[in-house]
Amino acid sequence: MFDDNPSFVLNGILDTEIQQKPVPEIGANEILVEVKKTGICGTDVHFLVHGSVGDFIVVKPMVLGHESAGVVSKVGPGVTNVKVGDRVAMEPAATCRKCEGRYQICPDIICAATPPTDGTLTRYYRLPSDLAYPLPPSLSLEDGALMEPLSVAVHAVSKLGALRSNQSVAVFGCGPVGLLCMAVAKALGASRVIAVDIIPDRLEFAKTYAATDTFLPPSIDKGESGVAFSTRCAQAMKEKLSIVEHGPRAIDLILDPSGAEVAIQTGIRIAKSGGTFVQVGIGNRDITIDMFAVLYKELVRKGSLRYGPGDYSLAIALVASGKVDVKFLISHRFPFTQASEAFEITRNGKSPDGKGVIKVMISGPDVDINEV
């Protein structure tokens, strides 16, 4: 075991550095994980660029990162579910353990890399043992790190969207979470998976990954309002993809990981009567939506927050069974010493060589990027 704990710290907007932090002390039911792999999430970048996400504001230095996997380095005396040396996926949100059912909305939840709590871009991270999920031999540590965003998708598609086999899905946004929503839908037997994005390359990627159909929205006209544009966009989508509001060509489930207002407006307009709309991505707090369409179609609208009971286990099972391939999403890999460069290309959407970013993976301190 190392005696130092290098950590990637956000000091303020666009101000990061590697600092030494104390090696955490663990309690009876906690474990110490040597973090091996961490993916960069959009919320990490939002904290970097804006210093806040919603009500969570960075007011003091904070370690970034929450999509991680590693190897158990130490266990408390009360731990029975894992042992030293186990490879584990790390669920990065601890709750009061008293909330029934949906623990993700626990008022006392403590989330990695959500102010003021430090994240997982560090050598050693303290974790309640019940939030460590042993990885099957067929899963790599990179796979383990991607269980976090995959669990977000599982929660949105399976639990909240209640997707059934032979139903159809439209996903607005082809970032990592959007792509994983498509993959989960496909794994659960969706008959049609429509990908929507404004970047053609991302649509091409989605088609090779999990989408059966793609849609590139038209350009907004000069002076056109968002409402008028989304109305026009929805009509174009219906015509191109033969979408109707009733019957087998209707879209049962709409998922919006983009958070974009016009995407939400368009999704409501193309949704099946009696269908479900799940909001996955974070956007502007106050937006305009067609409430008449929500009422007239009797739409079920839900917000999706992280993941809840059973989501990590299902995520691991989907990958272990070969139904979802998460490693396909990793476009770039960086050593820990180049974490700032990793965040920079994620923020820019492409690396200096012009390659588009899907998912960037950062290895832990002194971990080879090729050690997957």
# chains A, B, ... in the order shown; residues from 1 in each chain; ligands from 1

call {"tool": "residues_around", "arguments": {"residues": "stretch 55-68 of chain A", "least_positions_apart": "5", "cutoff": "7 Å", "atoms": "only C-alpha atoms", "output": "list in words"}}
result
Ser7, Phe8, Val9, Leu10, Asn11, Gly12, Val35, Lys37, Thr38, Gly39, Ile40, Asp44, Ala89, Met90, Pro92, Ala112, Ala113, Thr114, Pro115, Pro116, Thr117, Asp118, Gly119, Thr120, Leu121, Gly144, Ala145, Leu146 and Glu148 of chain A

call {"tool": "closest_atom_pairs", "arguments": {"of": "stretch 168-230 of chain A", "to": "stretch 247-259 of chain A", "cutoff": "6 Å", "atoms": "only C-alpha atoms", "output": "Markdown table"}}
result
| residue | atom | partner | partner_atom | distance |
| --- | --- | --- | --- | --- |
| A:Ser168 | CA | A:Ile251 | CA | 5.2 |
| A:Val169 | CA | A:Leu253 | CA | 4.8 |
| A:Ala170 | CA | A:Ile254 | CA | 5.0 |
| A:Val171 | CA | A:Leu255 | CA | 4.9 |
| A:Phe172 | CA | A:Asp256 | CA | 4.8 |
| A:Gly173 | CA | A:Ser258 | CA | 4.9 |
| A:Gly178 | CA | A:Pro257 | CA | 5.6 |

call {"tool": "write_last_selection", "arguments": {"atoms": "C-alpha atoms", "output": "PDB file, in the first residue's frame"}}
result
ATOM      1  CA  SER A 168     -40.074   1.830 -29.158  1.00  0.00           C
ATOM      2  CA  VAL A 169     -37.796   4.516 -27.747  1.00  0.00           C
ATOM      3  CA  ALA A 170     -36.481   7.915 -28.827  1.00  0.00           C
ATOM      4  CA  VAL A 171     -33.385   9.333 -27.136  1.00  0.00           C
ATOM      5  CA  PHE A 172     -32.469  13.017 -27.428  1.00  0.00           C
ATOM      6  CA  GLY A 173     -28.702  13.443 -27.129  1.00  0.00           C
ATOM      7  CA  GLY A 178     -27.787   8.926 -24.184  1.00  0.00           C
TER       8      GLY A 178
END

call {"tool": "select_by_dssp", "arguments": {"residues": "stretch 207-260 of chain A", "states": "helix (DSSP H, G or I)", "output": "list in words"}}
result
Lys207, Thr208, Tyr209, Gly226, Val227, Ala228, Phe229, Ser230, Thr231, Arg232, Cys233, Ala234, Gln235, Ala236, Met237, Lys238, Glu239, Lys240 and Leu241 of chain A

call {"tool": "write_last_selection", "arguments": {"atoms": "all heavy atoms", "output": "compact mmCIF listing (two decimals), in the first residue's frame"}}
result
# COMPACT_ATOMS: atom_id res chain seq x y z
N LYS A 207 -25.59 4.92 -34.50
CA LYS A 207 -26.12 3.90 -35.42
C LYS A 207 -25.27 2.63 -35.36
O LYS A 207 -25.79 1.51 -35.45
CB LYS A 207 -26.16 4.46 -36.84
CG LYS A 207 -26.94 3.61 -37.83
CD LYS A 207 -28.42 3.60 -37.50
CE LYS A 207 -29.24 2.76 -38.49
NZ LYS A 207 -29.37 3.38 -39.81
N THR A 208 -23.96 2.80 -35.20
CA THR A 208 -23.09 1.62 -35.10
C THR A 208 -23.18 0.97 -33.72
O THR A 208 -22.80 -0.19 -33.57
CB THR A 208 -21.63 1.98 -35.38
OG1 THR A 208 -21.15 2.89 -34.36
CG2 THR A 208 -21.46 2.64 -36.74
N TYR A 209 -23.70 1.72 -32.74
CA TYR A 209 -23.70 1.22 -31.37
C TYR A 209 -25.02 0.56 -30.99
O TYR A 209 -25.05 -0.62 -30.65
CB TYR A 209 -23.38 2.37 -30.42
CG TYR A 209 -23.23 1.96 -28.96
CD1 TYR A 209 -22.31 0.98 -28.59
CD2 TYR A 209 -24.02 2.54 -27.97
CE1 TYR A 209 -22.17 0.60 -27.26
CE2 TYR A 209 -23.88 2.18 -26.64
CZ TYR A 209 -22.96 1.20 -26.29
OH TYR A 209 -22.83 0.82 -24.98
N GLY A 226 -37.93 29.20 -30.08
CA GLY A 226 -37.68 27.81 -29.74
C GLY A 226 -38.93 26.97 -29.88
O GLY A 226 -38.89 25.83 -30.34
N VAL A 227 -40.08 27.53 -29.50
CA VAL A 227 -41.34 26.80 -29.60
C VAL A 227 -41.68 26.52 -31.06
O VAL A 227 -42.06 25.39 -31.42
CB VAL A 227 -42.47 27.59 -28.92
CG1 VAL A 227 -43.82 26.95 -29.21
CG2 VAL A 227 -42.24 27.68 -27.41
N ALA A 228 -41.53 27.54 -31.91
CA ALA A 228 -41.82 27.35 -33.33
C ALA A 228 -40.87 26.33 -33.94
O ALA A 228 -41.26 25.48 -34.75
CB ALA A 228 -41.73 28.68 -34.06
N PHE A 229 -39.60 26.42 -33.54
CA PHE A 229 -38.61 25.48 -34.09
C PHE A 229 -38.90 24.05 -33.67
O PHE A 229 -38.86 23.13 -34.48
CB PHE A 229 -37.21 25.87 -33.64
CG PHE A 229 -36.16 24.86 -33.99
CD1 PHE A 229 -35.80 24.64 -35.30
CD2 PHE A 229 -35.55 24.09 -33.00
CE1 PHE A 229 -34.84 23.68 -35.64
CE2 PHE A 229 -34.61 23.13 -33.31
CZ PHE A 229 -34.24 22.93 -34.64
N SER A 230 -39.22 23.85 -32.40
CA SER A 230 -39.49 22.49 -31.93
C SER A 230 -40.74 21.92 -32.57
O SER A 230 -40.81 20.71 -32.83
CB SER A 230 -39.61 22.45 -30.40
OG SER A 230 -40.70 23.21 -29.95
N THR A 231 -41.72 22.77 -32.85
CA THR A 231 -42.92 22.32 -33.55
C THR A 231 -42.56 21.84 -34.95
O THR A 231 -43.00 20.78 -35.41
CB THR A 231 -43.96 23.45 -33.62
OG1 THR A 231 -44.29 23.86 -32.28
CG2 THR A 231 -45.23 22.98 -34.32
N ARG A 232 -41.75 22.64 -35.64
CA ARG A 232 -41.31 22.28 -37.00
C ARG A 232 -40.44 21.03 -36.97
O ARG A 232 -40.55 20.15 -37.84
CB ARG A 232 -40.56 23.47 -37.61
CG ARG A 232 -40.07 23.23 -39.03
CD ARG A 232 -39.67 24.54 -39.68
NE ARG A 232 -38.56 25.20 -39.02
CZ ARG A 232 -37.28 24.98 -39.32
NH1 ARG A 232 -36.95 24.08 -40.24
NH2 ARG A 232 -36.33 25.64 -38.68
N CYS A 233 -39.56 20.96 -35.98
CA CYS A 233 -38.66 19.81 -35.84
C CYS A 233 -39.45 18.53 -35.59
O CYS A 233 -39.16 17.48 -36.18
CB CYS A 233 -37.68 20.07 -34.71
SG CYS A 233 -36.39 18.84 -34.53
N ALA A 234 -40.44 18.60 -34.72
CA ALA A 234 -41.26 17.42 -34.42
C ALA A 234 -42.00 16.94 -35.67
O ALA A 234 -42.08 15.74 -35.93
CB ALA A 234 -42.25 17.74 -33.31
N GLN A 235 -42.52 17.88 -36.44
CA GLN A 235 -43.23 17.51 -37.66
C GLN A 235 -42.29 16.85 -38.67
O GLN A 235 -42.64 15.83 -39.29
CB GLN A 235 -43.89 18.74 -38.28
CG GLN A 235 -44.77 18.44 -39.49
CD GLN A 235 -45.90 17.48 -39.18
OE1 GLN A 235 -46.48 17.52 -38.08
NE2 GLN A 235 -46.22 16.60 -40.12
N ALA A 236 -41.07 17.41 -38.79
CA ALA A 236 -40.09 16.82 -39.70
C ALA A 236 -39.69 15.42 -39.26
O ALA A 236 -39.52 14.51 -40.08
CB ALA A 236 -38.85 17.72 -39.77
N MET A 237 -39.59 15.24 -37.96
CA MET A 237 -39.22 13.93 -37.41
C MET A 237 -40.33 12.91 -37.67
O MET A 237 -40.07 11.76 -38.04
CB MET A 237 -38.95 14.09 -35.92
CG MET A 237 -38.23 12.92 -35.28
SD MET A 237 -37.71 13.34 -33.59
CE MET A 237 -37.12 11.73 -33.08
N LYS A 238 -41.57 13.34 -37.50
CA LYS A 238 -42.70 12.44 -37.75
C LYS A 238 -42.74 12.02 -39.21
O LYS A 238 -42.97 10.85 -39.53
CB LYS A 238 -44.01 13.14 -37.37
CG LYS A 238 -44.23 13.30 -35.88
CD LYS A 238 -45.54 14.05 -35.61
CE LYS A 238 -45.80 14.20 -34.12
NZ LYS A 238 -47.06 14.93 -33.85
N GLU A 239 -42.50 12.97 -40.09
CA GLU A 239 -42.57 12.67 -41.51
C GLU A 239 -41.43 11.77 -41.96
O GLU A 239 -41.64 10.79 -42.68
CB GLU A 239 -42.57 13.96 -42.32
CG GLU A 239 -43.84 14.80 -42.14
CD GLU A 239 -43.76 16.14 -42.83
OE1 GLU A 239 -42.70 16.45 -43.43
OE2 GLU A 239 -44.75 16.90 -42.76
N LYS A 240 -40.22 12.07 -41.52
CA LYS A 240 -39.06 11.29 -41.96
C LYS A 240 -39.09 9.87 -41.43
O LYS A 240 -38.73 8.92 -42.13
CB LYS A 240 -37.77 11.98 -41.53
CG LYS A 240 -36.52 11.21 -41.97
CD LYS A 240 -35.23 11.84 -41.49
CE LYS A 240 -34.04 10.97 -41.92
NZ LYS A 240 -32.76 11.51 -41.42
N LEU A 241 -39.51 9.72 -40.17
CA LEU A 241 -39.43 8.41 -39.52
C LEU A 241 -40.78 7.71 -39.38
O LEU A 241 -40.88 6.70 -38.70
CB LEU A 241 -38.78 8.56 -38.14
CG LEU A 241 -37.36 9.13 -38.14
CD1 LEU A 241 -36.87 9.34 -36.71
CD2 LEU A 241 -36.41 8.22 -38.90

call {"tool": "atom_distance", "arguments": {"atom1": "atom CA of A:Val75", "atom2": "atom CA of A:Glu30"}}
result
6.3 Å

call {"tool": "residues_around", "arguments": {"residues": "stretch 335-340 of chain A", "least_positions_apart": "5", "cutoff": "8 Å", "atoms": "only C-alpha atoms", "output": "number ranges by chain"}}
result
A: 8, 16-18, 362-369

call {"tool": "write_last_selection", "arguments": {"atoms": "C-alpha atoms", "output": "mmCIF file, in the first residue's frame"}}
result
data_model
loop_
_atom_site.group_PDB
_atom_site.id
_atom_site.type_symbol
_atom_site.label_atom_id
_atom_site.label_comp_id
_atom_site.auth_asym_id
_atom_site.auth_seq_id
_atom_site.Cartn_x
_atom_site.Cartn_y
_atom_site.Cartn_z
ATOM 1 C CA PHE A 8 -7.069 15.886 -8.798
ATOM 2 C CA THR A 16 -7.219 22.457 -11.246
ATOM 3 C CA GLU A 17 -4.103 20.844 -9.858
ATOM 4 C CA ILE A 18 -2.852 17.591 -8.386
ATOM 5 C CA ILE A 362 -8.320 8.561 -16.548
ATOM 6 C CA SER A 363 -6.136 5.933 -14.871
ATOM 7 C CA GLY A 364 -5.350 6.187 -11.189
ATOM 8 C CA PRO A 365 -1.987 7.391 -9.865
ATOM 9 C CA ASP A 366 0.844 5.098 -11.046
ATOM 10 C CA VAL A 367 -1.619 2.997 -13.088
ATOM 11 C CA ASP A 368 -0.777 2.261 -16.733
ATOM 12 C CA ILE A 369 -3.429 3.524 -19.172
#

call {"tool": "select_by_dssp", "arguments": {"residues": "stretch 1-152 of chain A", "states": "strand (DSSP E)", "output": "PyMOL selection string"}}
result
chain A and resi 6-12+15-20+30-39+52-53+56-57+62-63+67-75+87-90+93-94+110-111+124-128+132-134

call {"tool": "closest_atom_pairs", "arguments": {"of": "stretch 161-275 of chain A", "to": "stretch 310-314 of chain A", "cutoff": "12 Å", "atoms": "only C-alpha atoms", "output": "JSON lines"}}
result
{"residue": "A:Val184", "atom": "CA", "partner": "A:Leu314", "partner_atom": "CA", "distance": 10.1}
{"residue": "A:Ala187", "atom": "CA", "partner": "A:Leu314", "partner_atom": "CA", "distance": 11.3}
{"residue": "A:Leu188", "atom": "CA", "partner": "A:Leu314", "partner_atom": "CA", "distance": 11.2}

call {"tool": "write_last_selection", "arguments": {"atoms": "N, CA and C atoms", "output": "tab-separated table (two decimals), in the first residue's frame"}}
result
chain	number	residue	atom	x	y	z
A	184	VAL	N	-29.24	0.11	-23.30
A	184	VAL	CA	-30.11	-0.58	-22.35
A	184	VAL	C	-31.45	-0.90	-23.01
A	187	ALA	N	-30.97	-3.81	-25.22
A	187	ALA	CA	-30.77	-5.02	-24.43
A	187	ALA	C	-32.08	-5.55	-23.85
A	188	LEU	N	-33.00	-4.62	-23.55
A	188	LEU	CA	-34.27	-5.02	-22.96
A	188	LEU	C	-35.33	-5.37	-24.02

call {"tool": "closest_atom_pairs", "arguments": {"of": "stretch 155-191 of chain A", "to": "stretch 102-110 of chain A", "cutoff": "12 Å", "atoms": "only C-alpha atoms", "output": "tab-separated table"}}
result
residue	atom	partner	partner_atom	distance
A:His155	CA	A:Gln104	CA	10.6
A:Lys159	CA	A:Arg102	CA	10.9
A:Leu160	CA	A:Arg102	CA	11.3

call {"tool": "closest_residue", "arguments": {"among": "A:Val45, A:Leu135, A:Phe292, A:Val33", "to": "A:Glu344", "atoms": "only C-alpha atoms"}}
result
A:Val45

call {"tool": "closest_residue", "arguments": {"among": "A:Asn81, A:Thr43, A:Ser351, A:Thr276", "to": "A:Arg301", "atoms": "only C-alpha atoms"}}
result
A:Thr276
